[in-house]
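Below you'll find the structure, written out as C-alpha cells, and then a few comments.
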Amino acid sequence: MTQVSIEEYAVADSAAGPYALTTGPDGALWFTLVHSGRIGRLVPGEEPTGHRLDPTCGPTVITPGPDGALWFTEYRAGRIGRITTDGVIDAFGVPTPGCGPFGIAAGPDGALWFTETAADRIGRITIDGHITEFPLPVTGAFPSAITAGDDGGMWFTLNQANAIGRIDMDGAVTLQPLPTKAAAPVGIASGRDGALWFVEIAAGQIGRITPDGQITEFPLPDRTARPHAVTVDGGGTAWFTEWGGNRVGTITPDGSVTVHDLPTPHSEPHGITVGPEGAVWTALEIGALARITPADSTA
C-alpha cells in the first residue's frame, strides 16, 4: 500500500469554511471560503492572501477560465464570479432567480459551463459575461459538479435524480441512471483514458462512466465515508475526499482503492485538486488546505 505524507496549511479560521480549490494560471492555489464570502490564494511556503466578496454570497466551486482568470459560483447569491490573478473581481447574475449555481468548469468552446442546483438547468457563460441556460429533462434533479469530457461534451452529476448527465455544445442532454438507487452523486472528474470518475456520497462508492454510458461502481471500504469530490492526477489515478470518514483515497483505473486518514480529526475534507507542483491538495472546512505527497521511502 502506498504511504503518503500529509501536511496541513492554515488559511482561515474554522468558521470561514474552505470549500473548493484549484490551481491558477499563476501557479498558486485558489480556494473558496464558503461561509465568509472570500476567495483565497496560497503559494506553498508563503502566507495566504484573500479577496473579499459579498459576505453572504456563498462561493463554492472555483476553476481556471480560458481567459487567464479564475471563475467561481456564488451559490447563495445566484451569480457567477470572476477574479483575475491580481485580484480584480466581477460578478454576473444568472437570469433564473434562486437557481443555486454550484459546479463550474471550462468547456471546449471557450466558455464556462455551470450547474443550477435549484433550477434543473445547466448554464453557459462566455468570458464577457453572456449567460445561456439549458433546461434538463428532469425536475428536482439537483445538478451538482460538472467537468469537461474528452469527447467534446460537459459531464455532470444529478445528485437527486441519481444519474450522470452529458450536455453537448448545442445544449442536447443525455442522462445515464446509476445502478445503485439513491446513490446521490456529487463530484465528477475526467480520467486520462476517456472515461470519467464520480463519487456517490450516499452510497459510499466511486463510479466510473465511459463515453458510451457504461457505468462501473466500486464500493469503498467504509460505506459511510460520504465521498464528496474527486480529481485525477497525471498518472491517471483518481483521488477523492471522504467527508464523513476524515480521509482521502485513491482508486486506480482497475478499481483498486486505498484510503489515508487525515491528521486532524473531523477536518471535513471537501474539494480536491492537483496542485501546481503535482501534489494533491484538499480543502478542509476546519480552516486549512492539506497537501498529500508520497511518503519518502528513505525516511
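Ligands are numbered from 1 in the order shown, residues from 1 within each chain, and chains are lettered A, B, ... in the order they appear in the C-alpha cells.
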
Per residue of region 59-134 of chain A within 12 Å of region 184-200 of chain A, note the shortest atom pair and the distance in Å to one decimal, counting only C-alpha atoms, and order the rows by chain and increasing residue number, as a tab-separated table.
```
residue	atom	partner	partner_atom	distance
A:Val61	CA	A:Gly187	CA	10.8
A:Phe102	CA	A:Val186	CA	10.6
A:Gly103	CA	A:Gly187	CA	8.9
A:Ile104	CA	A:Ile188	CA	11.2
A:Ala105	CA	A:Ala189	CA	10.2
A:Thr115	CA	A:Val186	CA	11.6
A:Thr117	CA	A:Val186	CA	11.2
```

Show which residues sit within 6 Å of Ala290 (chain A), as a list in words. Count only C-alpha atoms, and ignore same-chain residues fewer than 3 positions away. Glu7, Glu8, Trp281 and Thr282 of chain A

Write out as CSV the residues of region 68-112 of chain A that have any atom within 12 Å of an atom of region 136-154 of chain A, one row each with the nearest atom pair and its distance in Å to one decimal, counting only C-alpha atoms, sorted by chain and then rising number.
```
residue,atom,partner,partner_atom,distance
A:Thr73,CA,A:Ala145,CA,11.2
A:Tyr75,CA,A:Ser144,CA,11.1
A:Cys99,CA,A:Phe142,CA,10.1
A:Gly100,CA,A:Phe142,CA,9.3
A:Pro101,CA,A:Ser144,CA,8.4
A:Phe102,CA,A:Ser144,CA,6.1
A:Gly103,CA,A:Ala145,CA,4.3
A:Ile104,CA,A:Ile146,CA,6.0
A:Ala105,CA,A:Thr147,CA,5.5
A:Ala106,CA,A:Ala148,CA,6.9
A:Gly107,CA,A:Ala148,CA,5.7
A:Pro108,CA,A:Gly152,CA,6.3
A:Asp109,CA,A:Gly152,CA,8.7
A:Gly110,CA,A:Ala148,CA,11.6
A:Ala111,CA,A:Ala148,CA,11.2
A:Leu112,CA,A:Ala148,CA,9.8
```

Just the selected residues (N, CA, C and O atoms), exported as a tab-separated table (two decimals), in the first residue's frame, please.
```tsv
chain	number	residue	atom	x	y	z
A	73	THR	N	-18.60	29.95	-8.64
A	73	THR	CA	-20.04	30.09	-8.44
A	73	THR	C	-20.31	30.74	-7.09
A	73	THR	O	-19.60	30.50	-6.11
A	75	TYR	N	-23.14	30.44	-4.76
A	75	TYR	CA	-24.30	29.56	-4.59
A	75	TYR	C	-25.51	30.30	-4.01
A	75	TYR	O	-26.63	30.17	-4.51
A	99	CYS	N	-31.39	30.11	-8.41
A	99	CYS	CA	-31.01	28.90	-9.15
A	99	CYS	C	-29.93	28.09	-8.45
A	99	CYS	O	-29.72	26.92	-8.78
A	100	GLY	N	-29.18	28.66	-7.51
A	100	GLY	CA	-28.17	27.92	-6.76
A	100	GLY	C	-27.04	27.37	-7.60
A	100	GLY	O	-26.80	26.17	-7.59
A	101	PRO	N	-26.29	28.23	-8.29
A	101	PRO	CA	-25.17	27.72	-9.09
A	101	PRO	C	-24.13	27.06	-8.20
A	101	PRO	O	-23.81	27.56	-7.12
A	102	PHE	N	-23.58	25.94	-8.65
A	102	PHE	CA	-22.66	25.17	-7.80
A	102	PHE	C	-21.41	24.77	-8.57
A	102	PHE	O	-20.34	25.33	-8.38
A	103	GLY	N	-21.49	23.78	-9.43
A	103	GLY	CA	-20.33	23.34	-10.19
A	103	GLY	C	-20.03	24.26	-11.35
A	103	GLY	O	-20.94	24.88	-11.92
A	104	ILE	N	-18.75	24.38	-11.73
A	104	ILE	CA	-18.37	25.20	-12.87
A	104	ILE	C	-17.07	24.64	-13.45
A	104	ILE	O	-16.19	24.18	-12.70
A	105	ALA	N	-16.98	24.66	-14.78
A	105	ALA	CA	-15.79	24.15	-15.46
A	105	ALA	C	-15.71	24.77	-16.84
A	105	ALA	O	-16.74	25.10	-17.46
A	106	ALA	N	-14.50	24.96	-17.33
A	106	ALA	CA	-14.31	25.47	-18.68
A	106	ALA	C	-14.65	24.39	-19.69
A	106	ALA	O	-14.35	23.21	-19.50
A	107	GLY	N	-15.31	24.82	-20.77
A	107	GLY	CA	-15.68	23.89	-21.82
A	107	GLY	C	-14.74	23.98	-23.01
A	107	GLY	O	-13.89	24.87	-23.08
A	108	PRO	N	-14.90	23.09	-23.98
A	108	PRO	CA	-14.05	23.11	-25.16
A	108	PRO	C	-14.37	24.24	-26.13
A	108	PRO	O	-13.64	24.43	-27.11
A	109	ASP	N	-15.43	24.99	-25.83
A	109	ASP	CA	-15.89	26.06	-26.72
A	109	ASP	C	-15.41	27.44	-26.30
A	109	ASP	O	-15.87	28.45	-26.84
A	110	GLY	N	-14.52	27.52	-25.32
A	110	GLY	CA	-14.04	28.82	-24.86
A	110	GLY	C	-14.94	29.52	-23.87
A	110	GLY	O	-14.69	30.66	-23.49
A	111	ALA	N	-16.02	28.85	-23.44
A	111	ALA	CA	-16.92	29.39	-22.41
A	111	ALA	C	-16.81	28.53	-21.16
A	111	ALA	O	-16.08	27.54	-21.12
A	112	LEU	N	-17.52	28.95	-20.11
A	112	LEU	CA	-17.60	28.15	-18.89
A	112	LEU	C	-19.02	27.63	-18.73
A	112	LEU	O	-19.98	28.32	-19.07
```

Which of region 100-208 of chain A end up as strand (DSSP E or B) when DSSP is run on this backbone - answer as a ChimeraX atom specification? /A:101-106,112-116,121-125,131-135,143-148,154-158,163-167,173-177,185-190,196-200,205-208

Export of the given selection (C-alpha atoms) as a PDB file, in the first residue's frame:
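What ended up in selection.pdb:
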```
ATOM      1  CA  PRO A 101     -25.174  27.716  -9.087  1.00  0.00           C
ATOM      2  CA  PHE A 102     -22.664  25.171  -7.799  1.00  0.00           C
ATOM      3  CA  GLY A 103     -20.326  23.336 -10.193  1.00  0.00           C
ATOM      4  CA  ILE A 104     -18.366  25.195 -12.872  1.00  0.00           C
ATOM      5  CA  ALA A 105     -15.788  24.155 -15.457  1.00  0.00           C
ATOM      6  CA  ALA A 106     -14.307  25.469 -18.679  1.00  0.00           C
ATOM      7  CA  LEU A 112     -17.599  28.151 -18.885  1.00  0.00           C
ATOM      8  CA  TRP A 113     -20.412  25.777 -18.019  1.00  0.00           C
ATOM      9  CA  PHE A 114     -22.105  25.599 -14.637  1.00  0.00           C
ATOM     10  CA  THR A 115     -24.862  23.748 -12.824  1.00  0.00           C
ATOM     11  CA  GLU A 116     -28.010  25.306 -11.362  1.00  0.00           C
ATOM     12  CA  ARG A 121     -30.641  23.733 -15.616  1.00  0.00           C
ATOM     13  CA  ILE A 122     -27.127  23.811 -16.975  1.00  0.00           C
ATOM     14  CA  GLY A 123     -25.761  27.296 -17.631  1.00  0.00           C
ATOM     15  CA  ARG A 124     -23.119  28.576 -20.029  1.00  0.00           C
ATOM     16  CA  ILE A 125     -21.270  31.871 -19.573  1.00  0.00           C
ATOM     17  CA  ILE A 131     -25.271  33.637 -19.991  1.00  0.00           C
ATOM     18  CA  THR A 132     -27.384  30.971 -21.699  1.00  0.00           C
ATOM     19  CA  GLU A 133     -29.421  28.415 -19.748  1.00  0.00           C
ATOM     20  CA  PHE A 134     -30.384  24.917 -20.868  1.00  0.00           C
ATOM     21  CA  PRO A 135     -33.240  23.096 -19.112  1.00  0.00           C
ATOM     22  CA  PRO A 143     -27.286  19.023 -10.838  1.00  0.00           C
ATOM     23  CA  SER A 144     -24.053  19.345  -8.884  1.00  0.00           C
ATOM     24  CA  ALA A 145     -20.473  19.029 -10.155  1.00  0.00           C
ATOM     25  CA  ILE A 146     -19.557  19.430 -13.831  1.00  0.00           C
ATOM     26  CA  THR A 147     -16.429  18.735 -15.877  1.00  0.00           C
ATOM     27  CA  ALA A 148     -15.307  18.662 -19.496  1.00  0.00           C
ATOM     28  CA  MET A 154     -19.685  18.512 -20.478  1.00  0.00           C
ATOM     29  CA  TRP A 155     -20.484  15.803 -17.927  1.00  0.00           C
ATOM     30  CA  PHE A 156     -22.296  16.427 -14.649  1.00  0.00           C
ATOM     31  CA  THR A 157     -23.820  14.667 -11.678  1.00  0.00           C
ATOM     32  CA  LEU A 158     -27.526  14.747 -10.863  1.00  0.00           C
ATOM     33  CA  ALA A 163     -27.865   9.894 -12.748  1.00  0.00           C
ATOM     34  CA  ILE A 164     -24.891  11.176 -14.706  1.00  0.00           C
ATOM     35  CA  GLY A 165     -25.681  13.715 -17.412  1.00  0.00           C
ATOM     36  CA  ARG A 166     -23.936  14.943 -20.534  1.00  0.00           C
ATOM     37  CA  ILE A 167     -24.613  18.130 -22.446  1.00  0.00           C
ATOM     38  CA  VAL A 173     -28.717  16.470 -22.940  1.00  0.00           C
ATOM     39  CA  THR A 174     -28.426  12.736 -22.324  1.00  0.00           C
ATOM     40  CA  LEU A 175     -28.808  11.069 -18.924  1.00  0.00           C
ATOM     41  CA  GLN A 176     -27.470   7.747 -17.633  1.00  0.00           C
ATOM     42  CA  PRO A 177     -29.176   6.385 -14.494  1.00  0.00           C
ATOM     43  CA  PRO A 185     -23.538  11.521  -6.903  1.00  0.00           C
ATOM     44  CA  VAL A 186     -21.618  14.770  -6.301  1.00  0.00           C
ATOM     45  CA  GLY A 187     -18.044  15.166  -7.578  1.00  0.00           C
ATOM     46  CA  ILE A 188     -17.004  14.245 -11.122  1.00  0.00           C
ATOM     47  CA  ALA A 189     -13.678  14.443 -12.962  1.00  0.00           C
ATOM     48  CA  SER A 190     -12.364  13.437 -16.343  1.00  0.00           C
ATOM     49  CA  LEU A 196     -14.965   9.885 -16.095  1.00  0.00           C
ATOM     50  CA  TRP A 197     -14.831   9.245 -12.363  1.00  0.00           C
ATOM     51  CA  PHE A 198     -17.549  10.323  -9.934  1.00  0.00           C
ATOM     52  CA  VAL A 199     -18.379   9.843  -6.261  1.00  0.00           C
ATOM     53  CA  GLU A 200     -21.607   8.623  -4.698  1.00  0.00           C
ATOM     54  CA  GLN A 205     -18.987   4.223  -3.724  1.00  0.00           C
ATOM     55  CA  ILE A 206     -16.784   5.526  -6.513  1.00  0.00           C
ATOM     56  CA  GLY A 207     -18.202   5.317 -10.017  1.00  0.00           C
ATOM     57  CA  ARG A 208     -16.668   5.281 -13.483  1.00  0.00           C
TER      58      ARG A 208
END
```

Selected residue of minimal separation from Gly278 (chain A) among A:Ile89, A:Ile251, A:Leu29, A:Leu70, counting only C-alpha atoms: A:Leu29

Mind running region 217-297 of chain A against region 35-50 of chain A at 12 Å and telling me each contacting residue's nearest atom pair with the distance in Å (one decimal), counting only C-alpha atoms, chain and number ascending, as a Markdown table?
```
| residue | atom | partner | partner_atom | distance |
| --- | --- | --- | --- | --- |
| A:Gly275 | CA | A:Pro44 | CA | 9.6 |
| A:Pro276 | CA | A:Val43 | CA | 9.1 |
| A:Glu277 | CA | A:Pro44 | CA | 9.4 |
| A:Ala279 | CA | A:Pro44 | CA | 11.1 |
| A:Trp281 | CA | A:Pro44 | CA | 10.8 |
| A:Ala283 | CA | A:Gly40 | CA | 11.3 |
| A:Glu285 | CA | A:His35 | CA | 9.6 |
| A:Ile286 | CA | A:His35 | CA | 11.3 |
| A:Gly287 | CA | A:His35 | CA | 10.8 |
| A:Ala288 | CA | A:Pro48 | CA | 10.4 |
| A:Leu289 | CA | A:Leu42 | CA | 9.0 |
| A:Ala290 | CA | A:Pro44 | CA | 10.7 |
| A:Arg291 | CA | A:Pro44 | CA | 9.4 |
```
